[in-house]
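*Asks:* Quick one, model17.txt (compact mmCIF, C-alpha atoms):
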```txt
# COMPACT_ATOMS: atom_id res chain seq x y z
CA MET F 149 84.43 79.07 70.14
CA THR F 150 82.73 78.85 73.50
CA ASP F 151 85.68 79.27 75.81
CA PRO F 152 84.35 81.62 78.50
CA PHE F 153 87.72 83.28 78.92
CA SER F 154 87.48 85.78 76.07
CA ILE F 155 89.85 88.57 75.25
CA ASP F 156 87.58 91.05 77.05
CA LEU F 157 88.00 89.11 80.26
CA LEU F 158 91.75 89.03 79.67
CA THR F 159 91.69 92.81 79.35
CA ASN F 160 89.82 93.06 82.65
CA TYR F 161 92.44 91.00 84.42
CA LEU F 162 95.25 93.01 82.85
CA LEU F 163 93.62 96.26 83.97
CA VAL F 164 93.33 95.12 87.57
CA GLY F 165 96.92 93.87 87.49
CA ALA F 166 98.10 97.20 86.10
CA ALA F 167 96.24 99.07 88.84
CA LEU F 168 97.79 96.91 91.54
CA PHE F 169 101.21 97.49 90.02
CA ALA F 170 100.70 101.27 89.92
CA LEU F 171 99.46 101.34 93.53
CA GLY F 172 102.46 99.34 94.66
CA MET F 173 104.75 101.72 92.84
CA LEU F 174 103.06 104.68 94.52
CA GLY F 175 103.60 103.15 97.93
CA PHE F 176 107.18 102.25 97.20
CA VAL F 177 108.03 105.76 96.06
CA SER F 178 106.08 107.83 98.54
CA ARG F 179 106.20 106.03 101.89
CA ARG F 180 109.15 106.34 104.24
CA ASN F 181 108.67 103.29 106.41
CA LEU F 182 110.88 100.41 105.26
CA ILE F 183 108.23 97.81 106.05
CA VAL F 184 105.50 99.59 104.10
CA MET F 185 107.90 99.95 101.18
CA PHE F 186 108.46 96.20 101.11
CA LEU F 187 104.72 95.58 101.38
CA SER F 188 104.24 97.81 98.35
CA ALA F 189 106.86 95.84 96.42
CA GLU F 190 104.96 92.66 97.25
CA MET F 191 101.82 94.30 95.93
CA MET F 192 103.54 95.00 92.62
CA LEU F 193 104.42 91.31 92.44
CA GLN F 194 100.77 90.47 93.04
CA GLY F 195 99.72 92.60 90.07
CA VAL F 196 102.28 90.94 87.82
CA GLY F 197 101.20 87.47 88.95
CA LEU F 198 97.58 88.29 88.21
CA SER F 199 98.48 89.34 84.67
CA LEU F 200 100.53 86.17 84.16
CA VAL F 201 97.77 83.86 85.32
CA ALA F 202 95.26 85.61 83.07
CA PHE F 203 97.59 85.34 80.07
CA GLY F 204 98.17 81.65 80.73
CA ARG F 205 94.45 81.01 80.99
CA PHE F 206 93.81 82.92 77.81
CA HIS F 207 96.43 81.07 75.80
CA GLY F 208 95.48 77.74 77.31
CA ASN F 209 98.78 76.65 78.81
CA TRP F 210 100.32 76.33 82.23
CA THR F 211 103.23 78.68 81.72
CA GLY F 212 101.61 81.63 83.46
CA GLN F 213 100.84 79.63 86.57
CA VAL F 214 104.30 78.05 86.63
CA PHE F 215 105.90 81.45 86.42
CA THR F 216 103.63 82.76 89.15
CA ILE F 217 104.85 79.92 91.36
CA VAL F 218 108.39 81.08 90.64
CA ILE F 219 107.33 84.62 91.58
CA LEU F 220 105.90 83.25 94.82
CA THR F 221 109.23 81.60 95.57
CA VAL F 222 111.15 84.76 94.84
CA ALA F 223 108.72 86.75 97.00
CA ALA F 224 109.27 84.39 99.91
CA CYS F 225 113.07 84.69 99.53
CA GLU F 226 112.77 88.45 99.22
CA ALA F 227 110.62 88.68 102.32
CA SER F 228 113.02 86.63 104.43
CA ILE F 229 116.06 88.62 103.35
CA ALA F 230 114.19 91.90 103.68
CA MET F 231 113.09 91.06 107.19
CA ALA F 232 116.64 90.19 108.20
CA LEU F 233 117.87 93.42 106.63
CA ILE F 234 115.18 95.50 108.31
CA VAL F 235 116.03 94.06 111.71
CA VAL F 236 119.72 94.86 111.19
CA LEU F 237 119.00 98.38 109.93
CA TYR F 238 116.64 99.03 112.81
CA ASN F 239 119.26 97.92 115.30
CA ARG F 240 121.72 100.40 113.83
CA LYS F 241 119.58 103.53 113.70
CA GLU F 242 116.72 102.74 116.07
CA SER F 243 114.35 103.80 113.32
CA LEU F 244 112.67 102.39 110.25
CA ASP F 245 112.96 105.64 108.32
CA VAL F 246 114.41 105.14 104.87
CA THR F 247 115.60 108.75 104.59
CA LEU F 248 118.13 108.10 107.32
CA TRP F 249 120.05 105.93 104.88
CA GLN F 250 120.76 108.64 102.35
CA GLU F 251 124.50 108.26 102.70
CA VAL F 252 124.33 105.12 100.61
CA ARG F 253 122.81 106.99 97.68
CA GLU F 254 124.39 107.24 94.25
CA GLU F 255 127.33 109.50 93.76
CA GLY F 256 126.23 112.84 92.36
CA VAL F 257 122.67 112.66 93.63
CA GLY F 258 121.83 115.29 96.17
CA PRO F 259 120.08 114.46 99.42
CA THR F 260 116.46 115.37 99.79
CA ASP F 261 115.53 118.02 102.28
CA LEU F 262 113.67 115.47 104.33
CA VAL F 263 116.92 114.35 105.90
CA ASP F 264 117.02 117.37 108.16
CA GLU F 265 113.69 116.69 109.75
CA ALA F 266 114.35 112.99 109.71
CA THR F 267 117.48 113.32 111.84
CA GLN F 268 115.55 115.19 114.49
CA ALA F 269 112.81 112.62 114.34
CA ALA F 270 110.93 113.55 117.45
CA PRO F 271 107.64 111.75 117.46
CA LEU F 272 104.76 112.12 119.83
CA GLU F 273 103.72 115.69 119.65
CA HIS F 274 100.16 115.60 120.76
CA GLU F 275 97.89 117.09 118.18
CA ASP F 276 94.16 117.06 118.32
CA GLY F 277 92.96 115.26 115.30
CA ILE F 278 92.73 111.92 113.72
CA GLU F 279 96.31 110.98 114.48
CA THR F 280 96.33 110.86 118.25
CA TYR F 281 95.61 107.86 120.34
CA PRO F 282 92.64 107.94 122.68
CA THR F 283 93.55 108.12 126.35
CA LEU F 284 91.79 106.67 129.32
CA THR F 285 90.50 108.90 132.08
CA PRO F 286 92.91 108.90 135.03
CA ALA F 287 91.99 106.47 137.75
CA GLY F 288 91.09 107.59 141.26
CA LEU F 289 92.05 105.96 144.50
CA GLU F 290 92.90 102.33 144.34
CA PRO F 291 90.13 100.37 145.97
CA ALA F 292 90.79 97.72 148.59
CA HIS F 293 91.01 94.35 146.96
CA PRO F 294 89.01 91.74 148.75
CA ILE F 295 90.83 88.46 148.54
CA GLN F 296 88.85 86.11 146.41
CA PRO F 297 89.11 82.38 146.96
CA TRP F 298 90.39 81.82 143.42
CA THR F 299 93.26 84.27 143.92
CA GLU F 300 94.19 82.64 147.18
CA ARG F 301 94.47 79.31 145.52
CA ARG F 302 97.00 80.71 143.10
CA ARG F 303 99.38 81.88 145.77
CA MET O 226 82.32 101.49 73.81
CA THR O 227 83.70 104.15 71.54
CA ASP O 228 87.24 105.34 71.79
CA ASP O 229 86.27 108.84 72.93
CA ALA O 230 84.04 107.61 75.73
CA THR O 231 86.75 105.22 76.91
CA PHE O 232 89.32 107.98 76.85
CA THR O 233 87.13 110.32 78.89
CA LEU O 234 86.18 107.61 81.35
CA ALA O 235 89.76 106.47 81.88
CA THR O 236 90.97 110.03 82.30
CA LEU O 237 88.23 110.99 84.75
CA GLY O 238 88.51 107.81 86.79
CA VAL O 239 92.27 107.92 87.06
CA LEU O 240 92.21 111.66 87.81
CA SER O 241 89.74 111.38 90.66
CA GLY O 242 91.56 108.31 91.96
CA ALA O 243 94.79 110.31 91.95
CA ILE O 244 93.19 113.24 93.78
CA GLY O 245 91.65 110.93 96.35
CA THR O 246 94.86 109.03 96.94
CA TYR O 247 96.80 112.27 97.28
CA LEU O 248 94.36 113.49 99.90
CA LEU O 249 94.56 110.19 101.76
CA LEU O 250 98.35 110.04 101.77
CA PRO O 251 100.21 111.50 104.77
CA HIS O 252 101.18 115.13 104.68
CA ARG O 253 104.61 115.92 103.32
CA ARG O 254 105.83 117.54 106.54
CA GLY O 255 103.94 115.19 108.81
CA ARG O 256 101.24 117.61 109.80
CA ALA O 257 97.82 116.31 110.74
CA LYS O 258 95.13 116.63 108.13
CA ALA O 259 91.60 117.68 108.88
CA ARG O 260 88.90 115.07 108.96
CA THR O 261 87.05 116.69 106.08
CA LEU O 262 90.12 116.19 103.91
CA TYR O 263 90.05 112.48 104.67
CA VAL O 264 86.36 112.28 103.86
CA ALA O 265 86.92 114.12 100.59
CA GLY O 266 89.86 111.86 99.79
CA GLY O 267 87.84 108.74 100.44
CA LEU O 268 85.05 110.10 98.28
CA PHE O 269 87.36 110.89 95.40
CA ALA O 270 89.10 107.52 95.69
CA ALA O 271 85.72 105.74 95.63
CA LEU O 272 84.74 107.74 92.56
CA GLY O 273 87.99 106.82 90.88
CA LEU O 274 87.47 103.16 91.73
CA LEU O 275 83.97 103.35 90.28
CA GLY O 276 85.29 104.91 87.08
CA PHE O 277 87.97 102.25 86.87
CA LEU O 278 85.42 99.48 87.32
CA LEU O 279 83.25 101.00 84.59
CA LEU O 280 86.25 100.63 82.34
CA LEU O 281 86.08 96.85 82.63
CA THR O 282 84.00 94.89 80.18
CA PRO O 283 80.79 93.76 81.90
CA PRO O 284 79.95 90.05 81.83
CA ALA O 285 77.29 88.53 79.64
CA LEU O 286 73.87 88.36 81.25
CA SER O 287 72.45 85.23 79.69
CA PRO O 288 73.95 82.18 81.46
CA LEU O 289 73.60 82.59 85.19
CA GLY O 290 77.01 81.10 85.94
CA GLU O 291 78.76 83.64 83.80
CA LEU O 292 76.84 86.48 85.39
CA VAL O 293 77.70 85.26 88.89
CA SER O 294 81.39 84.85 88.08
CA GLY O 295 81.40 88.30 86.49
CA ALA O 296 79.83 89.80 89.59
CA PHE O 297 82.41 88.07 91.76
CA PHE O 298 85.12 89.43 89.49
CA TYR O 299 83.87 92.94 90.23
CA VAL O 300 83.74 92.24 93.96
CA PHE O 301 87.26 90.87 94.07
CA ALA O 302 88.69 93.57 91.83
CA ALA O 303 87.13 96.34 93.93
CA GLY O 304 88.34 94.61 97.10
CA ALA O 305 91.87 94.23 95.82
CA LEU O 306 92.12 97.85 94.68
CA GLY O 307 90.45 99.33 97.76
CA CYS O 308 92.64 97.32 100.10
CA GLY O 309 95.63 98.33 97.99
CA VAL O 310 94.84 102.03 98.43
CA MET O 311 94.43 101.52 102.17
CA THR O 312 97.73 99.61 102.32
CA VAL O 313 99.55 102.50 100.74
CA THR O 314 97.87 105.27 102.70
CA SER O 315 97.59 103.83 106.22
CA ARG O 316 99.57 105.69 108.89
CA ASN O 317 100.02 102.63 111.04
CA PRO O 318 102.21 99.90 109.50
CA VAL O 319 100.22 97.23 111.32
CA TYR O 320 97.10 98.36 109.51
CA SER O 321 99.09 98.46 106.28
CA ALA O 322 100.05 94.82 106.70
CA LEU O 323 96.47 93.82 107.49
CA TRP O 324 95.11 95.68 104.45
CA PHE O 325 97.78 93.98 102.39
CA ALA O 326 96.44 90.65 103.61
CA GLY O 327 93.04 91.79 102.30
CA THR O 328 94.61 92.56 98.92
CA VAL O 329 96.17 89.11 98.84
CA ILE O 330 92.90 87.38 99.64
CA ALA O 331 91.04 89.34 96.95
CA THR O 332 93.78 88.46 94.46
CA ALA O 333 93.40 84.81 95.44
CA GLY O 334 89.71 85.15 94.58
CA LEU O 335 90.68 86.49 91.17
CA PHE O 336 93.00 83.52 90.73
CA LEU O 337 90.08 81.23 91.50
CA LEU O 338 87.99 82.92 88.83
CA ALA O 339 90.84 82.40 86.35
CA ASP O 340 90.81 78.62 87.05
CA ALA O 341 94.02 78.64 89.09
CA GLN O 342 92.82 76.92 92.23
CA PHE O 343 96.19 75.69 93.41
CA LEU O 344 97.71 79.14 93.05
CA ALA O 345 94.81 80.68 94.95
CA ALA O 346 95.41 78.36 97.87
CA GLY O 347 99.17 78.78 97.60
CA THR O 348 98.92 82.56 97.55
CA VAL O 349 96.76 82.64 100.65
CA ILE O 350 99.06 80.20 102.46
CA VAL O 351 102.35 81.78 101.46
CA TYR O 352 101.43 85.46 101.42
CA ALA O 353 98.64 85.92 103.93
CA GLY O 354 99.84 83.04 106.06
CA ALA O 355 103.58 83.35 106.09
CA ILE O 356 104.78 86.65 104.69
CA VAL O 357 102.24 88.93 106.36
CA VAL O 358 102.74 87.19 109.69
CA THR O 359 106.50 87.69 109.37
CA PHE O 360 105.92 91.34 108.54
CA LEU O 361 103.69 91.75 111.57
CA PHE O 362 106.30 90.06 113.72
CA VAL O 363 109.01 92.46 112.58
CA ILE O 364 106.65 95.43 112.99
CA MET O 365 106.05 94.42 116.58
CA LEU O 366 109.78 93.95 117.05
CA ALA O 367 110.77 97.30 115.60
CA GLN O 368 107.83 99.49 116.48
CA MET O 369 108.50 102.96 117.77
CA GLU O 370 106.62 104.23 120.76
CA GLY O 371 103.50 105.92 119.47
CA LYS O 372 103.43 107.06 115.88
CA ALA O 373 106.72 107.93 114.30
CA VAL O 374 107.39 110.96 112.15
CA TYR O 375 108.22 108.85 109.15
CA ASP O 376 104.82 107.18 109.31
CA ARG O 377 103.03 110.51 109.45
CA ALA O 378 105.04 112.07 106.64
CA ALA O 379 105.14 111.01 103.02
CA ARG O 380 108.06 111.46 100.71
CA THR O 381 107.18 113.76 97.77
CA PRO O 382 103.54 112.61 97.68
CA GLY O 383 102.52 114.89 94.81
CA ARG O 384 105.18 113.74 92.41
CA ALA O 385 104.76 110.10 93.40
CA VAL O 386 100.99 110.23 92.83
CA PHE O 387 101.48 111.96 89.51
CA THR O 388 104.02 109.41 88.28
CA SER O 389 102.22 106.27 89.30
CA PHE O 390 98.80 107.40 88.17
CA LEU O 391 100.27 108.56 84.87
CA LEU O 392 101.60 105.03 84.49
CA LEU O 393 98.17 103.62 85.35
CA TRP O 394 96.43 105.95 82.95
CA SER O 395 98.72 105.09 80.05
CA LEU O 396 98.45 101.35 80.74
CA ALA O 397 94.66 101.53 80.96
CA TYR O 398 94.45 103.58 77.81
CA CYS O 399 96.70 101.18 75.91
CA LEU O 400 94.73 98.16 77.13
CA VAL O 401 91.24 99.49 76.57
CA GLY O 402 91.29 102.55 74.36
CA LEU O 403 93.59 101.36 71.63
CA SER O 404 92.58 98.24 69.79
CA GLY O 405 95.53 96.25 71.04
CA SER O 406 98.69 95.47 69.20
CA TYR O 407 98.83 94.63 65.56
CA ARG O 408 95.77 92.58 64.51
CA PRO O 409 95.58 91.42 60.90
CA ASP O 410 92.27 91.89 59.17
CA ALA O 411 91.85 88.66 57.26
CA ALA O 412 90.98 85.46 59.07
CA GLY O 413 92.71 82.17 58.45
CA PRO O 414 95.78 80.30 59.59
CA GLU O 415 98.25 82.81 58.22
CA ALA O 416 96.51 85.69 59.94
CA ALA O 417 96.18 83.68 63.15
CA ALA O 418 99.92 83.12 63.20
CA GLU O 419 100.52 86.83 62.72
CA ASP O 420 98.05 87.88 65.36
CA ARG O 421 99.82 88.44 68.64
CA LEU O 422 96.68 88.19 70.72
CA HIS O 423 95.42 85.00 69.13
CA PRO O 424 95.01 82.28 71.77
CA GLY O 425 98.05 80.08 71.58
CA ARG O 426 96.14 76.83 71.93
CA GLU O 427 94.35 77.43 68.65
CA LEU O 428 97.55 77.80 66.72
CA GLY O 429 98.53 74.14 66.81
CA PRO O 430 95.98 72.39 64.60
CA HIS O 431 96.08 75.20 62.08
CA PHE O 432 99.77 75.25 62.02
CA PHE O 433 100.69 71.61 61.84
CA GLN O 434 99.11 71.35 58.41
CA GLU O 435 100.68 74.54 57.20
CA ALA O 436 104.15 74.11 58.66
CA THR O 437 106.50 72.91 55.98
CA GLY O 438 109.99 73.17 57.35
CA ALA O 439 111.31 70.62 59.83
CA GLY O 440 112.56 73.38 62.11
CA VAL O 441 109.14 74.93 62.51
CA ARG O 442 107.69 71.53 63.28
CA VAL O 443 110.30 70.84 65.96
CA VAL O 444 109.73 74.21 67.57
CA LEU O 445 105.97 73.79 67.57
CA ASP O 446 106.29 70.27 68.90
CA LYS O 447 108.30 71.63 71.81
CA ALA O 448 106.03 74.56 72.40
CA LEU O 449 102.68 72.79 72.16
CA ARG O 450 103.29 69.59 74.08
CA PRO O 451 100.25 67.85 75.51
CA THR O 452 101.50 68.41 79.05
CA SER O 453 101.67 72.14 78.50
CA SER O 454 98.00 72.45 77.60
CA LEU O 455 95.40 73.59 80.08
CA PHE O 456 92.77 71.41 78.43
CA ALA O 457 92.19 67.72 78.65
CA GLU O 458 91.89 67.18 74.92
CA ASP O 459 93.60 69.60 72.64
CA ARG O 460 90.78 70.03 70.21
CA GLY O 461 91.82 73.46 69.14
CA ASP O 462 88.98 75.89 68.80
CA SER O 463 86.27 73.27 68.99
CA ASP O 464 83.48 73.86 71.43
CA ALA O 465 83.42 73.02 75.13
CA ALA O 466 87.06 72.36 75.81
CA ILE O 467 87.33 70.62 79.17
CA LEU O 468 89.92 71.82 81.64
CA LYS O 469 92.32 69.33 83.18
CA PRO O 470 92.13 68.82 86.93
CA ASN O 471 94.11 71.73 88.27
CA VAL O 472 96.66 70.26 90.64
CA ALA O 473 97.31 67.18 88.51
CA GLY O 474 97.78 69.21 85.36
CA LEU O 475 99.92 71.82 87.06
CA GLY O 476 102.13 69.16 88.63
CA GLU O 477 102.49 67.42 85.31
CA ALA O 478 103.50 70.64 83.59
CA LEU O 479 105.79 71.60 86.46
CA TYR O 480 107.68 68.32 86.59
CA ALA O 481 107.65 67.45 82.90
CA ASP O 482 108.23 70.77 81.19
CA HIS O 483 109.73 72.95 83.90
CA LEU O 484 111.85 70.60 85.96
CA VAL O 485 114.92 72.83 85.84
CA THR O 486 112.80 75.74 87.04
CA VAL O 487 111.72 73.77 90.08
CA GLU O 488 115.32 72.88 90.90
CA LEU O 489 116.39 76.50 90.47
CA ALA O 490 113.59 77.70 92.74
CA GLY O 491 114.67 75.20 95.40
CA SER O 492 118.30 76.32 95.28
CA LEU O 493 117.16 79.95 95.38
CA LEU O 494 115.22 79.26 98.57
CA PHE O 495 118.26 77.56 100.05
CA ALA O 496 120.50 80.50 99.20
CA ALA O 497 117.96 82.92 100.69
CA LEU O 498 117.86 80.86 103.87
CA ILE O 499 121.62 81.08 104.26
CA ALA O 500 121.59 84.79 103.44
CA ALA O 501 118.90 85.55 106.00
CA VAL O 502 120.76 83.67 108.71
CA LEU O 503 124.00 85.46 107.84
CA ILE O 504 122.48 88.92 107.68
CA ALA O 505 120.44 88.70 110.84
CA ASP O 506 123.27 87.23 112.91
CA PRO O 507 123.68 89.58 115.88
CA ARG O 508 127.30 88.63 116.59
CA PRO O 509 129.93 90.92 115.06
CA THR O 510 131.79 89.39 112.17
CA ARG O 511 135.34 88.40 112.92
CA LYS O 512 138.13 87.95 110.48
CA ARG O 513 139.65 84.54 110.08
CA GLY O 514 142.39 83.74 112.55
CA GLU O 515 141.26 86.40 114.96
CA THR O 516 140.44 84.99 118.34
CA ALA O 517 137.61 86.10 120.48
```
Please rewrite the model in this file as structure tokens.

*Replies:*
Amino acid sequence: MTDPFSIDLLTNYLLVGAALFALGMLGFVSRRNLIVMFLSAEMMLQGVGLSLVAFGRFHGNWTGQVFTIVILTVAACEASIAMALIVVLYNRKESLDVTLWQEVREEGVGPTDLVDEATQAAPLEHEDGIETYPTLTPAGLEPAHPIQPWTERRR
Amino acid sequence: MTDDATFTLATLGVLSGAIGTYLLLPHRRGRAKARTLYVAGGLFAALGLLGFLLLLTPPALSPLGELVSGAFFYVFAAGALGCGVMTVTSRNPVYSALWFAGTVIATAGLFLLADAQFLAAGTVIVYAGAIVVTFLFVIMLAQMEGKAVYDRAARTPGRAVFTSFLLLWSLAYCLVGLSGSYRPDAAGPEAAAEDRLHPGRELGPHFFQEATGAGVRVVLDKALRPTSSLFAEDRGDSDAAILKPNVAGLGEALYADHLVTVELAGSLLFAALIAAVLIADPRPTRKRGETA
């Protein structure tokens, strides 16, 4: 038996797929931006597809790859619908925050306390640290612009 | 590797990965974190990634090709996981999308190593080419001025990290630490049929002699058709099985064995197209008979 794809290699692929799945789940649960949540869901699909391809290679048939193609199709559909949905939701609330949509939660589930700060979502407090944008130094007097020949030709 | 060493390694790697990811995630209330915290988080996450990579079975050293493909496996696995962590923890959604493109490309490399060339190309084209560009487009369309609160604040980061890394730990332990699912001790065709992790392509030649009932034969005939095999000649467990050309074999399997699947995927795409057009329509919906 000299097939290079041994069961150890299959285990390696399954481990990486499991790690991708767990990371995607972490992002889906913990991030509040709708777009990042959907990116995390796509990452979970990547992990599952990796496991399927490895299983198909190990067992020597095409089924894993065929199913991964189906996953690819479903991911494309999901992305298109999600993008449409995100655009609509953004137009309603002017925000991509998922905690603003807590009124569509299940009956009998309490809201999280994040909703209070989320409603007063006031961004752009300037803090010194890693999270602020760099600013340019303010410009002085505007110099006189000599008219170049190439700008004259444009007029 | 012994079971104890594997257990310790998996626990330590996953634990430091969890600590690092927690430090890298945004603060719960959206406060800024100190730079040292980020450095410590990156350090812990790198340690966790190292521990996770040590968990993988290293490749054989003797043929050079195998060693090179094993090394590339490590490179692509580390790239996929590192880019995945950065996708999840980036404050800026644009950076998240770009790191996700990195994850997709690394996964395409892993597909290549698993002899799925068409899927590697298709993944790069569909994901990195189409989906990520669409995401970026929507991010540009719906971007807040500056950095929004919801990008700087995570939702229950501690519990989320605990849950997902517990899942990862248990999966890794089941895959590596335990000796798999039920494996029978004795070798032979009977044991091979019982063994869940026996390669499916080796079952056929053993089984066709053993199978007595007509029903079993029909089922096996359906399951082990020549178009469904990844190899050019189904010689069972004989040496040096040659792979079919990828696109030709995949197309053959797709249109001979899975034709209904292809049709279903096409109609699914069509339905999604209609749904996207309907959802994103900016005009307000009017009831029938109502005039504008």

*Asks:* Expressed in Å to a single decimal, how great is the separation between atom CA of O:Ser321 and atom CA of O:Cys308?

*Replies:* 9.0 Å

*Asks:* Contacts of O:Val319 at 8 Å or less, counting all atoms listed in the file, minus same-chain residues fewer than 2 places along, as a list of chain:residue names?

*Replies:*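 Contacts, in chain order: O:Asn317, O:Ser321, O:Ala322, O:Leu323, O:Leu361, O:Ile364.
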
*Asks:* Listed atoms of stretch 191-206 of chain F, axis-aligned box, 5 Å per side: centre and edge lengths to one decimal in Å, as AutoDock Vina command-line options?

*Replies:*
```
--center_x 99.1 --center_y 88.0 --center_z 86.9 --size_x 20.6 --size_y 24.0 --size_z 28.1
```

*Asks:* I'd like the contact shell of O:Val349 - 12 Å cut-off, only C-alpha atoms, skipping same-chain residues fewer than 6 positions apart - returned as number ranges by chain.

*Replies:* F: 194, 220; O: 325-337, 342-343, 355-358

*Asks:* Find the distance between atom CA of O:Leu240 and atom CA of F:Val177 and write it in Å to one decimal.

*Replies:*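 If I compute the distance from atom CA of O:Leu240 to atom CA of F:Val177, I get 18.8 Å.
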
*Asks:* Applying 9 Å and all atoms listed in the file, which residues near F:Tyr161 remain after dropping the ones on its own chain fewer than 2 positions away? List them as a compact mmCIF listing (two decimals) with C-alpha atoms, in the coordinates of the input.

*Replies:*
```txt
# COMPACT_ATOMS: atom_id res chain seq x y z
CA ASP F 156 87.58 91.05 77.05
CA LEU F 157 88.00 89.11 80.26
CA LEU F 158 91.75 89.03 79.67
CA THR F 159 91.69 92.81 79.35
CA LEU F 163 93.62 96.26 83.97
CA VAL F 164 93.33 95.12 87.57
CA GLY F 165 96.92 93.87 87.49
CA ALA F 166 98.10 97.20 86.10
CA LEU F 198 97.58 88.29 88.21
CA SER F 199 98.48 89.34 84.67
CA VAL F 201 97.77 83.86 85.32
CA ALA F 202 95.26 85.61 83.07
CA PHE F 203 97.59 85.34 80.07
CA LEU O 281 86.08 96.85 82.63
CA ALA O 302 88.69 93.57 91.83
CA LEU O 335 90.68 86.49 91.17
CA ALA O 339 90.84 82.40 86.35
```

*Asks:* Would you compute the distance between atom CA of O:Thr359 and atom CA of O:Tyr320? Give it in Å to one decimal.

*Replies:*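 These atoms are spaced 14.2 Å apart.
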
*Asks:* Near chain O, which residues of chain F fall within 6 Å when you count all atoms listed in the file, and what do they look like as an mmCIF file with C-alpha atoms, in the coordinates of the input?

*Replies:*
```cif
data_model
loop_
_atom_site.group_PDB
_atom_site.id
_atom_site.type_symbol
_atom_site.label_atom_id
_atom_site.label_comp_id
_atom_site.auth_asym_id
_atom_site.auth_seq_id
_atom_site.Cartn_x
_atom_site.Cartn_y
_atom_site.Cartn_z
ATOM 1 C CA MET F 149 84.430 79.070 70.140
ATOM 2 C CA THR F 150 82.730 78.850 73.500
ATOM 3 C CA ASN F 160 89.820 93.060 82.650
ATOM 4 C CA ALA F 170 100.700 101.270 89.920
ATOM 5 C CA LEU F 174 103.060 104.680 94.520
ATOM 6 C CA GLY F 175 103.600 103.150 97.930
ATOM 7 C CA SER F 178 106.080 107.830 98.540
ATOM 8 C CA ARG F 179 106.200 106.030 101.890
ATOM 9 C CA ARG F 180 109.150 106.340 104.240
ATOM 10 C CA HIS F 207 96.430 81.070 75.800
ATOM 11 C CA GLY F 208 95.480 77.740 77.310
ATOM 12 C CA ASN F 209 98.780 76.650 78.810
ATOM 13 C CA TRP F 210 100.320 76.330 82.230
ATOM 14 C CA CYS F 225 113.070 84.690 99.530
ATOM 15 C CA ILE F 229 116.060 88.620 103.350
ATOM 16 C CA ALA F 232 116.640 90.190 108.200
ATOM 17 C CA ASP F 245 112.960 105.640 108.320
ATOM 18 C CA PRO F 271 107.640 111.750 117.460
#
```

*Asks:* Of the candidates F:Glu255, F:Glu190, F:Asp151, F:Glu290, which shows the shortest atom-to-atom distance to F:Ala223, using all atoms listed in the file?

*Replies:* F:Glu190
